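Notes to accompany the following structure.
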Amino acid sequence: MPITIRLMPTTFHEIPRERPATPLLDSADTPDGLRRLAESELESLADELRQYLLYSVGQTGGHFGAGLGVIELTIALHYIFDTPDDRLVWDVGHQAYPHKILTGRRERMGSLRQKDGLAAFPRRSESEYDTFGVGHSSTSISAALGMAIAARLQGSKRKSVAVIGDGALTAGMAFEALNHASDVKANMLVVLNDNDMSISKNVGGLSNYLAKIISSRTYSSMREGSKKILSRLPGAWEIARKVEEHAKGMLVPGTLFEELGWNYVGPIDGHDLPTLIATLRNMRDLEGPQFLHVVTKKGKGFAPAEVDPIGYHAITKLEPIKAPAEPKQPSGPKYSAVFGQWLCDMAAEDPRLVGITPAMKEGSDLVAFSERFPERYFDVAIAEQHAVTLAAGMACDGAKPVVAIYSTFLQRAYDQLIHDVAVQHLDVLFAIDRAGLVGEDGPTHAGSFDISYLRCIPGMLIATPSDENELRLLLTTGYHFPGPAAVRYPRGSGPNTPIDPRLEPVEIGKAVVRRQGKRTALLAFGVQLTEALRVGEALDATVVDMRFVKPLDETLLRELAASHELLVTIEENAVMGGAGSAVSEFLAAENIVKPLLHLGLPDYYVEHAKPAQMLAECGLDTAGIESAIRARLALLGA
């Protein structure tokens, strides 16, 4: 059973619509102000911070449950460590909103995730307290280790602290860093925020008491002194070490970390501020790699989030109570939902199909599949590299793996994609979600590069569906392709195109002319087909749904080049190395000279904003596409 979490002094049941009174937080909105408070005031501060977090996220929307779970931990870390001189590195960033509030950004929380406002994650350019920019998981230990080594080289006594969630600890990168830190005997602290309580023992107050003892200078001095004495006696220290490991292993789940060379302390209640502060104070000046295991509850202090931590992982902003209801524009199902339905349908038809995801069951819409086909569903946790090579191994022995993965996360498994799947020409389908710009989560989550990094891989099939029905068609096509295939699709909903329920493939490498026009041909790779059709009407241009980046419809390209004065490629991917580049390379190889205009994502990171704002900035909305084409036609004298 899990460790007992004490009851909060205050549990909230609703998100406040009015800004709450926060007298203590008003005087402690920087770590310097926080450290001037008495310890006896910190629990009241935690209540105020929790209430303010509820209020601010209610105004903007954003990640929710993780931040509520680290209120006390955030206060304790900034109270004990001399931030920003001491380096505090947050993993992932979902849990960093309280950190933002306490580090001078409270009055800007209303701009969170909005254009020109605060980022959804820690960012070095935003605050000196954000020591490392994050978006993906499992980077904190490596980064904090690098900072600890830099401090040693500079002769500095500053501390390095990494805060990692238990989900992020599943990634191999985290264990690589843990192993290296012990090898170099780095002076650093890793705090494991165990918010699922999955590896904790029900030792309650005894565990808290032992944590204080184990983390104390007295215990540490006795341990090191005994080591010096017993090391002179053959076998004595080894016996003593085994006895200590056995005793600690009986009481705490720290044997793994001890074996990796870390001094493990915990588990302790992450909502018990006095214990947190006492333990951190004891551990602050200990030499070598230190590991503190704290147990927290995601959504702590907000009753609905405690009951449903997955549903309250993030929320949308609260709408005004008396706001008139705006008529909703009709839209189709989310692309991820279309994928989820296709996966279930294909699995019912083909018993070889297996579904794999690196911890994105809900995001990739695999819930129904996991319930209908539990023996064929594999969530490998946050381990993208393992997910891809696992699929390769399955494909070697006759399974048909479908890897559901976000575009930005597939970047982490690029080596495995090439060496383990593509080189061996294995039959793996990659369903690449969140392709293109994703909005408020910003550049770390944007799928800006997958066409560029995939199309250079020999043997890959790359498809870019333009709507919901095309997604289903091209998933089926990629599934039946005898080799590695990728189908990329964006976040959000489609244009409500009717979906054919059949599982029929299309001809590989065959584009479709959606509108016949004159002089200019618009080649759309993906969901910008909707905008391209509007522009085609305005300019009387030909509009083509290219469907495939690799292979291209070479026959059609030759025809279009011969019959049109300008070819325009449109894609929600980096222009450099993207689908437009593929068209240019083909025409050059064919010795066809033709004016070209490539529209796509620019050569810089597009900052967080509403998706429509980001597309407009990149010139990928209807107005931007039309303006760019008219400007090019003017240069051509057309």
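Residue names in the structure tokens use chain letters A, B, ... in the order shown, residue numbers from 1 in each chain, and ligand numbers from 1 in the order shown.
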Quiz prompt | Test item, helix (DSSP H, G or I) assignment across region 296-507 of chain A, answer as a PyMOL selection string | solution = chain A and resi 303-307+335-349+367-372+374-376+384-396+407-422+450-455+468-480
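Excluding Val161 (chain A) itself and same-chain residues fewer than 6 positions from it, the residues having an atom within 8 Å of it are Asp86, Arg87, Leu88, Val89, Ala144, Met188, Leu189, Val190 and Val191 of chain A, counting only C-alpha atoms.
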Quiz prompt | Point-to-point distance from CA of Ile75 (chain A) to CA of Leu34 (chain A), Å rounded to tenths | solution = 7.9 Å
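Separating CA of Val543 (chain A) from CA of Arg632 (chain A) is a distance of 17.0 Å.
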Quiz item: Within 10 Å of Arg558 (chain A), counting only C-alpha atoms, which residues qualify if same-chain residues fewer than 3 places away don't, as a PyMOL selection string?
Solution: chain A and resi 553-555+561-563+586-587+590+592
Quiz item: In Å, with one decimal, what is the gap from CA of Pro267 (chain A) to CA of Leu292 (chain A)?
Solution: 7.4 Å
Quiz item: If we count only C-alpha atoms, what is near Pro122 (chain A) at a cut-off of 12 Å, once residues fewer than 3 positions away on the same chain are taken out, given as number ranges by chain?
Solution: A: 88-101, 103, 105, 112-113, 118-119, 125-136, 140, 441-442, 444
Exercise. Choose the residue, out of A:Leu597, A:Cys618, A:Ala38, A:Ala46, that has the smallest atom-to-atom separation from Gly436 (chain A); count only C-alpha atoms.
Key: A:Cys618
Quiz item: Between A:Ala383, A:Leu192, A:Leu557, A:Leu178, which one has atoms that come closest to Glu259 (chain A), using only C-alpha atoms?
Solution: A:Leu178
Quiz prompt | Spatial neighbours of Glu107 (chain A), 12 Å, only C-alpha atoms, chain gap at least 5 places, as a PyMOL selection string | solution = chain A and resi 19+25-26+29-30+52-53+56+100-102+112+117-118
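Counting only C-alpha atoms, region 336-343 of chain A has the following residues at most 6 Å away, ignoring those fewer than 5 positions along the same chain: Ser364, Asp365 and Leu366 of chain A.
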Quiz item: Near Leu153 (chain A), within 12 Å and counting only C-alpha atoms, which residues show up once chain neighbours fewer than 6 positions away are dropped, as a PyMOL selection string?
Solution: chain A and resi 146-147+186
Would you put the residues from that selection into a file with all heavy atoms, as a PDB file, in the first residue's frame?
ATOM      1  N   GLY A 146      25.293  18.260 -15.510  1.00  0.00           N
ATOM      2  CA  GLY A 146      26.187  19.151 -16.239  1.00  0.00           C
ATOM      3  C   GLY A 146      26.483  20.422 -15.472  1.00  0.00           C
ATOM      4  O   GLY A 146      27.623  20.915 -15.452  1.00  0.00           O
ATOM      5  N   MET A 147      25.473  20.968 -14.795  1.00  0.00           N
ATOM      6  CA  MET A 147      25.664  22.177 -14.002  1.00  0.00           C
ATOM      7  C   MET A 147      26.543  21.900 -12.785  1.00  0.00           C
ATOM      8  O   MET A 147      27.367  22.737 -12.397  1.00  0.00           O
ATOM      9  CB  MET A 147      24.300  22.726 -13.570  1.00  0.00           C
ATOM     10  CG  MET A 147      23.451  23.202 -14.732  1.00  0.00           C
ATOM     11  SD  MET A 147      21.766  23.610 -14.219  1.00  0.00           S
ATOM     12  CE  MET A 147      21.005  23.922 -15.823  1.00  0.00           C
ATOM     13  N   ALA A 186      29.288  13.402  -8.376  1.00  0.00           N
ATOM     14  CA  ALA A 186      28.803  14.779  -8.461  1.00  0.00           C
ATOM     15  C   ALA A 186      28.081  15.188  -7.183  1.00  0.00           C
ATOM     16  O   ALA A 186      27.338  14.396  -6.589  1.00  0.00           O
ATOM     17  CB  ALA A 186      27.850  14.914  -9.648  1.00  0.00           C
TER      18      ALA A 186
END
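Nearest-residue note for Pro358 (chain A): choosing from A:Val295, A:Ala524, A:Thr170, A:Ala395, the minimum distance belongs to A:Thr170, counting only C-alpha atoms.
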Quiz item: Which one is closest to Glu375 (chain A): A:Gly254, A:Asn573, A:Leu68, A:Val354? Count only C-alpha atoms.
Solution: A:Val354
